[in-house]
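Structure data follow from work13.cif (mmCIF, C-alpha atoms and all ligand atoms):
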data_input
#
loop_
_atom_site.group_PDB
_atom_site.id
_atom_site.type_symbol
_atom_site.label_atom_id
_atom_site.label_comp_id
_atom_site.auth_asym_id
_atom_site.auth_seq_id
_atom_site.Cartn_x
_atom_site.Cartn_y
_atom_site.Cartn_z
ATOM 1 C CA MET A 1 -155.080 38.443 64.258
ATOM 2 C CA GLY A 2 -153.846 35.162 65.560
ATOM 3 C CA ILE A 3 -152.266 33.783 68.657
ATOM 4 C CA ARG A 4 -148.664 32.899 68.341
ATOM 5 C CA THR A 5 -147.492 29.628 69.732
ATOM 6 C CA LEU A 6 -143.816 28.982 69.517
ATOM 7 C CA ILE A 7 -142.186 25.662 69.698
ATOM 8 C CA SER A 8 -138.512 26.197 69.715
ATOM 9 C CA SER A 9 -138.054 22.663 68.899
ATOM 10 C CA THR A 10 -136.242 21.071 66.277
ATOM 11 C CA ALA A 11 -135.248 17.952 65.195
ATOM 12 C CA LEU A 12 -133.179 18.288 62.346
ATOM 13 C CA LEU A 13 -130.172 19.368 64.046
ATOM 14 C CA PHE A 14 -126.840 18.787 64.663
ATOM 15 C CA LEU A 15 -123.655 18.304 63.255
ATOM 16 C CA THR A 16 -121.357 16.565 64.107
ATOM 17 C CA SER A 17 -119.267 13.901 64.038
ATOM 18 C CA THR A 18 -116.255 14.438 66.161
ATOM 19 C CA LEU A 19 -114.050 11.853 64.619
ATOM 20 C CA SER A 20 -111.040 11.139 66.700
ATOM 21 C CA GLU A 21 -108.025 12.415 64.808
ATOM 22 C CA PRO A 22 -107.910 16.107 64.131
ATOM 23 C CA GLY A 23 -105.366 15.654 61.308
ATOM 24 C CA ALA A 24 -104.531 18.974 59.753
ATOM 25 C CA SER A 25 -104.476 18.930 56.021
ATOM 26 C CA ALA A 26 -101.359 20.095 54.267
ATOM 27 C CA VAL A 27 -103.308 21.416 51.312
ATOM 28 C CA SER A 28 -106.110 23.867 51.992
ATOM 29 C CA LEU A 29 -109.123 24.452 49.814
ATOM 30 C CA LEU A 30 -109.339 28.151 50.620
ATOM 31 C CA PRO A 31 -108.369 30.141 47.563
ATOM 32 C CA GLU A 32 -105.994 33.019 48.256
ATOM 33 C CA GLY A 33 -107.617 36.387 48.664
ATOM 34 C CA GLU A 34 -110.953 34.924 49.754
ATOM 35 C CA LEU A 35 -110.379 35.167 53.493
ATOM 36 C CA ALA A 36 -113.004 37.845 53.869
ATOM 37 C CA ASP A 37 -115.775 35.808 52.349
ATOM 38 C CA ARG A 38 -115.333 32.324 53.747
ATOM 39 C CA LEU A 39 -118.973 31.422 53.214
ATOM 40 C CA GLY A 40 -119.023 32.519 49.613
ATOM 41 C CA ALA A 41 -115.771 30.629 49.056
ATOM 42 C CA ALA A 42 -117.169 27.497 50.765
ATOM 43 C CA LEU A 43 -120.210 27.496 48.477
ATOM 44 C CA LYS A 44 -117.926 27.920 45.488
ATOM 45 C CA VAL A 45 -115.775 24.940 46.503
ATOM 46 C CA LEU A 46 -118.896 22.824 47.061
ATOM 47 C CA ARG A 47 -120.165 23.689 43.608
ATOM 48 C CA SER A 48 -116.952 22.265 42.132
ATOM 49 C CA VAL A 49 -117.762 18.634 43.053
ATOM 50 C CA PRO A 50 -120.831 16.550 42.054
ATOM 51 C CA THR A 51 -122.262 15.758 45.503
ATOM 52 C CA GLY A 52 -121.732 19.329 46.711
ATOM 53 C CA ARG A 53 -123.411 20.691 43.626
ATOM 54 C CA SER A 54 -126.459 18.483 43.953
ATOM 55 C CA LEU A 55 -126.825 19.307 47.668
ATOM 56 C CA LEU A 56 -126.762 23.039 47.011
ATOM 57 C CA GLU A 57 -129.227 22.616 44.188
ATOM 58 C CA ARG A 58 -131.553 20.706 46.487
ATOM 59 C CA GLY A 59 -131.321 23.562 49.004
ATOM 60 C CA ARG A 60 -131.956 26.169 46.321
ATOM 61 C CA LYS A 61 -135.179 24.421 45.277
ATOM 62 C CA ARG A 62 -136.309 23.792 48.834
ATOM 63 C CA PHE A 63 -136.055 27.473 49.746
ATOM 64 C CA HIS A 64 -137.230 28.810 46.370
ATOM 65 C CA LEU A 65 -134.041 30.746 45.690
ATOM 66 C CA ALA A 66 -132.844 32.125 42.374
ATOM 67 C CA ASP A 67 -129.333 30.669 42.682
ATOM 68 C CA THR A 68 -127.232 28.605 45.076
ATOM 69 C CA ALA A 69 -125.177 31.655 46.150
ATOM 70 C CA SER A 70 -128.369 33.000 47.761
ATOM 71 C CA LEU A 71 -128.311 30.067 50.207
ATOM 72 C CA ARG A 72 -126.029 32.156 52.382
ATOM 73 C CA SER A 73 -129.116 33.991 53.628
ATOM 74 C CA LEU A 74 -129.868 30.832 55.657
ATOM 75 C CA PHE A 75 -126.513 30.849 57.467
ATOM 76 C CA LYS A 76 -125.438 32.386 60.747
ATOM 77 C CA TRP A 77 -122.089 32.039 62.533
ATOM 78 C CA SER A 78 -122.058 30.250 65.872
ATOM 79 C CA ASP A 79 -119.849 28.210 68.201
ATOM 80 C CA VAL A 80 -121.170 24.862 66.958
ATOM 81 C CA SER A 81 -122.663 23.874 63.624
ATOM 82 C CA ARG A 82 -126.311 22.869 63.687
ATOM 83 C CA THR A 83 -129.566 23.324 61.806
ATOM 84 C CA ASP A 84 -132.621 24.662 63.610
ATOM 85 C CA ALA A 85 -136.153 24.466 62.343
ATOM 86 C CA VAL A 86 -138.585 26.480 64.400
ATOM 87 C CA LEU A 87 -142.202 25.544 63.973
ATOM 88 C CA THR A 88 -144.719 28.224 64.782
ATOM 89 C CA ARG A 89 -148.437 27.658 64.972
ATOM 90 C CA HIS A 90 -150.581 30.729 64.566
ATOM 91 C CA TYR A 91 -153.926 29.864 66.010
ATOM 92 C CA ASP A 92 -157.099 31.859 66.185
ATOM 93 C CA PRO A 93 -159.444 30.379 68.803
ATOM 94 C CA GLY A 94 -162.363 32.439 67.477
ATOM 95 C CA SER A 95 -162.334 30.958 64.007
ATOM 96 C CA GLN A 96 -160.385 27.847 65.052
ATOM 97 C CA THR A 97 -158.015 28.319 62.172
ATOM 98 C CA GLU A 98 -154.394 27.282 62.334
ATOM 99 C CA VAL A 99 -151.499 28.309 60.132
ATOM 100 C CA ARG A 100 -148.126 26.667 60.513
ATOM 101 C CA GLU A 101 -144.825 28.150 59.584
ATOM 102 C CA ARG A 102 -141.395 26.527 59.633
ATOM 103 C CA LEU A 103 -138.281 28.669 59.648
ATOM 104 C CA VAL A 104 -134.909 27.072 59.039
ATOM 105 C CA THR A 105 -131.593 28.561 60.181
ATOM 106 C CA VAL A 106 -128.225 26.923 59.632
ATOM 107 C CA TYR A 107 -125.611 27.801 62.246
ATOM 108 C CA LEU A 108 -121.992 27.286 61.260
ATOM 109 C CA LYS A 109 -119.071 26.971 63.607
ATOM 110 C CA LYS A 110 -116.975 30.053 63.145
ATOM 111 C CA ASN A 111 -113.622 28.988 64.518
ATOM 112 C CA GLN A 112 -112.601 26.053 62.405
ATOM 113 C CA SER A 113 -110.488 25.458 59.344
ATOM 114 C CA PHE A 114 -111.888 26.380 55.975
ATOM 115 C CA ASP A 115 -111.834 22.734 54.854
ATOM 116 C CA ASP A 116 -113.905 21.685 57.866
ATOM 117 C CA LEU A 117 -116.312 24.561 57.227
ATOM 118 C CA VAL A 118 -116.920 23.276 53.677
ATOM 119 C CA LEU A 119 -117.841 19.848 55.084
ATOM 120 C CA ASP A 120 -120.077 21.394 57.739
ATOM 121 C CA VAL A 121 -121.998 23.263 55.041
ATOM 122 C CA ALA A 122 -122.509 19.976 53.135
ATOM 123 C CA HIS A 123 -123.647 18.212 56.307
ATOM 124 C CA GLU A 124 -126.043 20.926 57.452
ATOM 125 C CA MET A 125 -127.430 21.474 53.961
ATOM 126 C CA THR A 126 -128.548 17.821 54.013
ATOM 127 C CA HIS A 127 -130.581 18.551 57.143
ATOM 128 C CA ALA A 128 -131.852 21.941 55.991
ATOM 129 C CA ALA A 129 -133.014 20.785 52.564
ATOM 130 C CA GLY A 130 -134.799 17.690 53.892
ATOM 131 C CA GLU A 131 -138.538 17.651 54.427
ATOM 132 C CA PRO A 132 -139.541 17.394 58.091
ATOM 133 C CA ASN A 133 -140.108 13.742 58.887
ATOM 134 C CA TRP A 134 -141.853 14.168 62.229
ATOM 135 C CA ASP A 135 -144.436 16.513 63.649
ATOM 136 C CA PRO A 136 -144.063 17.706 67.271
ATOM 137 C CA TYR A 137 -147.863 17.693 67.634
ATOM 138 C CA ASP A 138 -148.394 14.186 66.277
ATOM 139 C CA PRO A 139 -150.193 12.276 69.073
ATOM 140 C CA HIS A 140 -148.352 9.125 68.026
ATOM 141 C CA LEU A 141 -144.842 10.558 68.086
ATOM 142 C CA THR A 142 -142.730 8.619 70.583
ATOM 143 C CA ALA A 143 -139.108 8.823 71.700
ATOM 144 C CA VAL A 144 -138.338 5.725 69.631
ATOM 145 C CA ARG A 145 -139.865 7.207 66.473
ATOM 146 C CA TYR A 146 -138.144 10.513 67.069
ATOM 147 C CA ILE A 147 -134.699 8.960 67.528
ATOM 148 C CA ARG A 148 -135.151 6.670 64.525
ATOM 149 C CA ALA A 149 -136.393 9.456 62.223
ATOM 150 C CA SER A 150 -133.636 11.852 63.308
ATOM 151 C CA LEU A 151 -130.917 9.290 62.705
ATOM 152 C CA GLU A 152 -132.148 7.205 59.802
ATOM 153 C CA GLY A 153 -134.915 9.231 58.139
ATOM 154 C CA PRO A 154 -134.398 11.228 54.938
ATOM 155 C CA GLY A 155 -132.222 14.247 55.745
ATOM 156 C CA GLY A 156 -131.271 12.687 59.094
ATOM 157 C CA GLU A 157 -127.827 12.127 60.593
ATOM 158 C CA VAL A 158 -126.856 9.076 58.528
ATOM 159 C CA ASP A 159 -127.721 10.927 55.309
ATOM 160 C CA ALA A 160 -125.885 14.051 56.467
ATOM 161 C CA LEU A 161 -122.678 12.240 57.370
ATOM 162 C CA ALA A 162 -122.808 10.141 54.181
ATOM 163 C CA ASN A 163 -123.114 13.319 52.077
ATOM 164 C CA GLU A 164 -120.432 15.093 54.051
ATOM 165 C CA CYS A 165 -118.097 12.163 53.424
ATOM 166 C CA ARG A 166 -118.933 11.873 49.740
ATOM 167 C CA VAL A 167 -118.026 15.548 49.397
ATOM 168 C CA SER A 168 -114.843 15.031 51.408
ATOM 169 C CA LEU A 169 -113.694 12.154 49.188
ATOM 170 C CA GLU A 170 -114.568 14.035 45.999
ATOM 171 C CA LEU A 171 -112.618 17.085 47.176
ATOM 172 C CA SER A 172 -109.689 14.900 48.137
ATOM 173 C CA ALA A 173 -109.649 13.267 44.691
ATOM 174 C CA ARG A 174 -109.887 16.622 42.968
ATOM 175 C CA TYR A 175 -107.612 18.859 45.045
ATOM 176 C CA GLY A 176 -105.423 16.424 46.978
ATOM 177 C CA THR A 177 -106.789 17.571 50.350
ATOM 178 C CA SER A 178 -106.993 15.267 53.342
ATOM 179 C CA ALA A 179 -110.200 13.297 53.863
ATOM 180 C CA HIS A 180 -109.321 12.480 57.465
ATOM 181 C CA ARG A 181 -112.849 12.973 58.764
ATOM 182 C CA CYS A 182 -114.088 10.362 56.321
ATOM 183 C CA GLU A 183 -111.349 7.840 55.460
ATOM 184 C CA ARG A 184 -113.021 5.444 57.855
ATOM 185 C CA TYR A 185 -116.131 5.348 55.677
ATOM 186 C CA ARG A 186 -114.513 5.089 52.270
ATOM 187 C CA LEU A 187 -115.863 2.082 50.414
ATOM 188 C CA GLY A 188 -112.928 0.167 48.930
ATOM 189 C CA HIS A 189 -110.729 2.457 46.847
ATOM 190 C CA SER A 190 -113.615 4.416 45.385
ATOM 191 C CA GLN A 191 -113.472 8.180 44.966
ATOM 192 C CA ASN A 192 -116.854 8.956 46.461
ATOM 193 C CA GLN A 193 -118.666 5.831 47.613
ATOM 194 C CA VAL A 194 -119.204 5.621 51.351
ATOM 195 C CA ASP A 195 -120.125 2.759 53.644
ATOM 196 C CA ARG A 196 -123.590 3.661 54.939
ATOM 197 C CA VAL A 197 -123.848 0.451 56.948
ATOM 198 C CA LYS A 198 -120.765 1.426 58.938
ATOM 199 C CA ILE A 199 -121.997 5.003 59.369
ATOM 200 C CA ARG A 200 -125.345 3.795 60.680
ATOM 201 C CA LYS A 201 -123.677 1.341 63.046
ATOM 202 C CA ASP A 202 -121.387 4.066 64.427
ATOM 203 C CA PHE A 203 -124.351 6.226 65.377
ATOM 204 C CA TYR A 204 -125.523 3.500 67.762
ATOM 205 C CA ARG A 205 -122.154 3.051 69.551
ATOM 206 C CA MET A 206 -122.810 4.142 73.125
ATOM 207 C CA GLY A 207 -119.775 3.028 75.181
ATOM 208 C CA ALA A 208 -120.173 4.186 78.782
ATOM 209 C CA PHE A 209 -123.590 5.645 77.956
ATOM 210 C CA HIS A 210 -125.029 2.235 77.046
ATOM 211 C CA LYS A 211 -126.532 1.509 80.471
ATOM 212 C CA GLU A 212 -128.025 4.973 80.716
ATOM 213 C CA ILE A 213 -129.879 4.761 77.427
ATOM 214 C CA LEU A 214 -131.169 1.245 78.118
ATOM 215 C CA GLN A 215 -132.549 2.415 81.437
ATOM 216 C CA ALA A 216 -134.076 5.561 79.986
ATOM 217 C CA LEU A 217 -135.770 3.691 77.141
ATOM 218 C CA GLY A 218 -136.993 0.812 79.312
ATOM 219 C CA SER A 219 -138.894 -1.789 77.325
ATOM 220 C CA GLU A 220 -138.615 0.441 74.230
ATOM 221 C CA ALA A 221 -134.877 -0.311 74.101
ATOM 222 C CA ALA A 222 -135.789 -3.512 72.251
ATOM 223 C CA SER A 223 -136.621 -1.284 69.262
ATOM 224 C CA PHE A 224 -132.917 -0.511 68.935
ATOM 225 C CA PRO A 225 -131.028 -3.799 68.744
ATOM 226 C CA ASP A 226 -128.029 -1.961 67.300
ATOM 227 C CA LEU A 227 -127.271 0.055 70.437
ATOM 228 C CA SER A 228 -123.815 -1.189 71.361
ATOM 229 C CA THR A 229 -121.212 -0.889 74.112
ATOM 230 C CA GLU A 230 -118.484 -0.137 71.568
ATOM 231 C CA SER A 231 -116.851 3.175 72.342
ATOM 232 C CA PRO A 232 -118.594 6.035 70.564
ATOM 233 C CA THR A 233 -116.994 7.863 67.641
ATOM 234 C CA LEU A 234 -119.887 10.223 66.880
ATOM 235 C CA PHE A 235 -121.117 12.763 69.401
ATOM 236 C CA SER A 236 -123.899 15.264 69.073
ATOM 237 C CA SER A 237 -122.259 18.670 69.233
ATOM 238 C CA THR A 238 -125.252 20.145 71.003
ATOM 239 C CA GLY A 239 -126.006 17.335 73.419
ATOM 240 C CA ASN A 240 -122.486 16.302 74.459
ATOM 241 C CA ALA A 241 -123.475 12.645 74.254
ATOM 242 C CA PRO A 242 -123.751 9.941 71.595
ATOM 243 C CA TYR A 243 -126.665 10.786 69.319
ATOM 244 C CA PRO A 244 -129.329 8.345 70.591
ATOM 245 C CA LEU A 245 -129.034 9.765 74.110
ATOM 246 C CA ALA A 246 -128.813 13.390 72.976
ATOM 247 C CA LEU A 247 -131.908 12.810 70.822
ATOM 248 C CA LEU A 248 -133.793 11.181 73.674
ATOM 249 C CA ARG A 249 -133.159 14.234 75.873
ATOM 250 C CA GLU A 250 -134.160 16.471 73.005
ATOM 251 C CA PHE A 251 -137.409 14.564 72.532
ATOM 252 C CA GLN A 252 -138.248 14.983 76.225
ATOM 253 C CA GLU A 253 -137.669 18.711 75.931
ATOM 254 C CA ILE A 254 -139.760 19.067 72.760
ATOM 255 C CA ASN A 255 -142.492 16.955 74.301
ATOM 256 C CA GLY A 256 -142.677 19.218 77.345
ATOM 257 C CA VAL A 257 -142.976 22.324 75.162
ATOM 258 C CA ALA A 258 -145.605 20.711 72.902
ATOM 259 C CA CYS A 259 -147.666 19.676 75.940
ATOM 260 C CA SER A 260 -147.606 23.074 77.584
ATOM 261 C CA ASN A 261 -148.404 24.787 74.270
ATOM 262 C CA THR A 262 -151.370 22.470 73.769
ATOM 263 C CA ARG A 263 -152.678 23.091 77.287
ATOM 264 C CA ARG A 264 -152.329 26.818 76.787
ATOM 265 C CA ARG A 265 -154.245 26.602 73.545
ATOM 266 C CA LEU A 266 -157.032 24.627 75.223
ATOM 267 C CA SER A 267 -157.430 27.245 77.905
ATOM 268 C CA LEU A 268 -157.567 29.984 75.260
ATOM 269 C CA VAL A 269 -160.263 28.053 73.422
ATOM 270 C CA ALA A 270 -162.187 27.707 76.695
ATOM 271 C CA GLN A 271 -161.860 31.436 77.411
ATOM 272 C CA ASN A 272 -163.122 32.268 73.938
ATOM 273 C CA SER A 273 -165.966 29.794 73.735
ATOM 274 C CA GLY A 274 -169.350 31.447 73.708
ATOM 275 C CA ARG A 275 -168.004 34.784 72.526
ATOM 276 C CA SER A 276 -166.666 34.054 69.095
ATOM 277 C CA ASP A 277 -167.097 36.843 66.623
ATOM 278 C CA PRO A 278 -167.914 35.718 63.095
ATOM 279 C CA SER A 279 -166.531 38.949 61.630
ATOM 280 C CA ARG A 280 -163.032 38.182 62.908
ATOM 281 C CA SER A 281 -160.677 37.173 60.189
ATOM 282 C CA PRO A 282 -158.640 34.016 60.621
ATOM 283 C CA ALA A 283 -154.917 34.181 61.203
ATOM 284 C CA SER A 284 -153.272 34.830 57.938
ATOM 285 C CA GLU A 285 -149.583 34.794 57.366
ATOM 286 C CA GLY A 286 -147.990 35.422 54.034
ATOM 287 C CA ALA A 287 -144.563 34.175 55.003
ATOM 288 C CA LEU A 288 -142.812 31.742 52.787
ATOM 289 C CA GLY A 289 -143.546 28.183 53.729
ATOM 290 C CA SER A 290 -146.792 28.889 55.574
ATOM 291 C CA GLN A 291 -149.387 26.233 55.192
ATOM 292 C CA PRO A 292 -152.972 26.720 56.198
ATOM 293 C CA THR A 293 -154.273 23.693 58.011
ATOM 294 C CA SER A 294 -157.465 23.120 59.875
ATOM 295 C CA ALA A 295 -157.187 23.295 63.638
ATOM 296 C CA PRO A 296 -156.894 19.944 65.364
ATOM 297 C CA SER A 297 -160.223 18.657 66.530
ATOM 298 C CA ASP A 298 -160.943 18.329 70.224
ATOM 299 C CA ALA A 299 -160.662 14.584 69.836
ATOM 300 C CA LYS A 300 -157.175 14.843 68.353
ATOM 301 C CA THR A 301 -156.104 17.241 71.081
ATOM 302 C CA GLU A 302 -157.407 14.865 73.730
ATOM 303 C CA THR A 303 -155.576 11.955 72.138
ATOM 304 C CA PHE A 304 -152.433 14.062 72.037
ATOM 305 C CA LEU A 305 -152.653 14.913 75.736
ATOM 306 C CA LYS A 306 -153.465 11.341 76.661
ATOM 307 C CA LEU A 307 -150.638 9.760 74.685
ATOM 308 C CA ARG A 308 -147.946 12.403 74.997
ATOM 309 C CA CYS A 309 -148.543 14.360 78.185
ATOM 310 C CA THR A 310 -149.287 11.991 81.039
ATOM 311 C CA GLN A 311 -145.834 12.067 82.570
ATOM 312 C CA ASP A 312 -145.505 15.726 83.387
HETATM 313 ZN ZN ZN A 401 -126.177 16.423 61.691
#
Show how you would write the structure in this file as structure tokens.
Ligand SMILES: [Zn+2]
Amino acid sequence: MGIRTLISSTALLFLTSTLSEPGASAVSLLPEGELADRLGAALKVLRSVPTGRSLLERGRKRFHLADTASLRSLFKWSDVSRTDAVLTRHYDPGSQTEVRERLVTVYLKKNQSFDDLVLDVAHEMTHAAGEPNWDPYDPHLTAVRYIRASLEGPGGEVDALANECRVSLELSARYGTSAHRCERYRLGHSQNQVDRVKIRKDFYRMGAFHKEILQALGSEAASFPDLSTESPTLFSSTGNAPYPLALLREFQEINGVACSNTRRRLSLVAQNSGRSDPSRSPASEGALGSQPTSAPSDAKTETFLKLRCTQD
């Protein structure tokens, strides 16, 4: 029996790119008669172009599924599209054993056009299939590292938008649909090459939020020379702000949860010290993706509290 510590964190997250023009497309990708199964139809359309196919295949492998159609078990409808990864630590203070489990759910915006839904699936699949590139309990995780990893790391926002746009251009070339969300990033006249430099630059456009992020980051702002006053084109759908600021707020929230979880664990360890029972079995979880790890040493926990939890 273990103790359950939940960190409803998540990094991965977040669609999306509200590019300015809504631009309805004259041609729709939704095949007739498939209204009832929009998700199944979206996966089918994605499988018909190279980038979509390889993204779904990556997801299939990541979640150990028999086929890409089974990916739909990861999806839930919602009012915004985003990917959540919930990290749970099961910790047994008696045996000091820790098991970690990471559950991924992809939320998809329900009320949007079918063509936009297809692109959202491509975008979120990039996040969902990526390996986590930060650990909420890493003593050396900082706001700067968190923002950088979430934007520029593998499976981060730049990757997700680049994939979404590759898919959009491939679909446009194949079916004659509009690529309005992505024309801006088309590289020359190519059918699926996108301008990653421009995408990356756009994520750092802060406009009126520029002052706020500089103040919040303080001396750390020097780590982001690309933060600009140009008016933002990309907003986090969950944070209602340009990504760097939304991610900074998210980091503060995750940090608070990680600190209180760690303090709670310490007090459980203290309560249990001196009465540990060697016959107790360690926490064992058979769930997919569980990884047994040794519990952090006292020294690591102290370093964590010292480096991450002095401000609250
Ligand atoms: Zn995203």
Reference answer for the PyMOL selection byres (((chain A and resi 308) around 10) and not hetatm), as a ChimeraX atom specification: /A:137-142,255-256,258-259,302-307,309-312
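For the choices A:Ala129, A:Arg200, A:Asp115, A:Ala41, the atom-to-atom distance to A:His180 is smallest for A:Asp115 when using all atoms listed in the file.
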Pairwise distance for atom CA of A:Asp92 and atom CA of A:Ala299, rounded to one decimal in Å: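 That distance, rounded to one decimal, is 18.0 Å.
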Selection under test: the PyMOL selection byres (((chain A and resi 122) around 8) and not hetatm); residues as a list in words: Leu46, Gly52, Leu55, Val118, Leu119, Asp120, Val121, His123, Glu124, Met125, Thr126, Ala160, Asn163, Glu164 and Val167 of chain A
One-decimal distance in Å that lies between atom CA of A:Tyr146 and atom CA of A:Asn133: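 Computing it gives 9.0 Å between the two atoms.
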Between atom CA of A:Cys182 and atom CA of A:Arg72 - distance in Å to one decimal: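 So the answer is 25.2 Å.
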Explicit residue set for the PyMOL selection byres (((chain A and resi 132) around 9) and not hetatm), as a ChimeraX atom specification: /A:11-12,85,130-131,133-135,154-155
Report as CSV: every residue of stretch 167-206 of chain A with an atom at most 10 Å from stretch 227-230 of chain A, its closest pair of atoms, and their distance in Å to one decimal, counting all atoms listed in the file, with rows sorted by chain and ascending residue number.
residue,atom,partner,partner_atom,distance
A:Lys201,CA,A:Leu227,CA,8.3
A:Asp202,CA,A:Glu230,CA,8.8
A:Phe203,CA,A:Leu227,CA,8.5
A:Tyr204,CA,A:Leu227,CA,4.7
A:Arg205,CA,A:Ser228,CA,4.9
A:Met206,CA,A:Thr229,CA,5.4
Given only C-alpha atoms as the counted atoms, nearest of A:Asn192, A:Ser113, A:Ser54, A:Thr301 to A:Thr68: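 Looking only at the distances to A:Thr68, the closest residue turns out to be A:Ser54.
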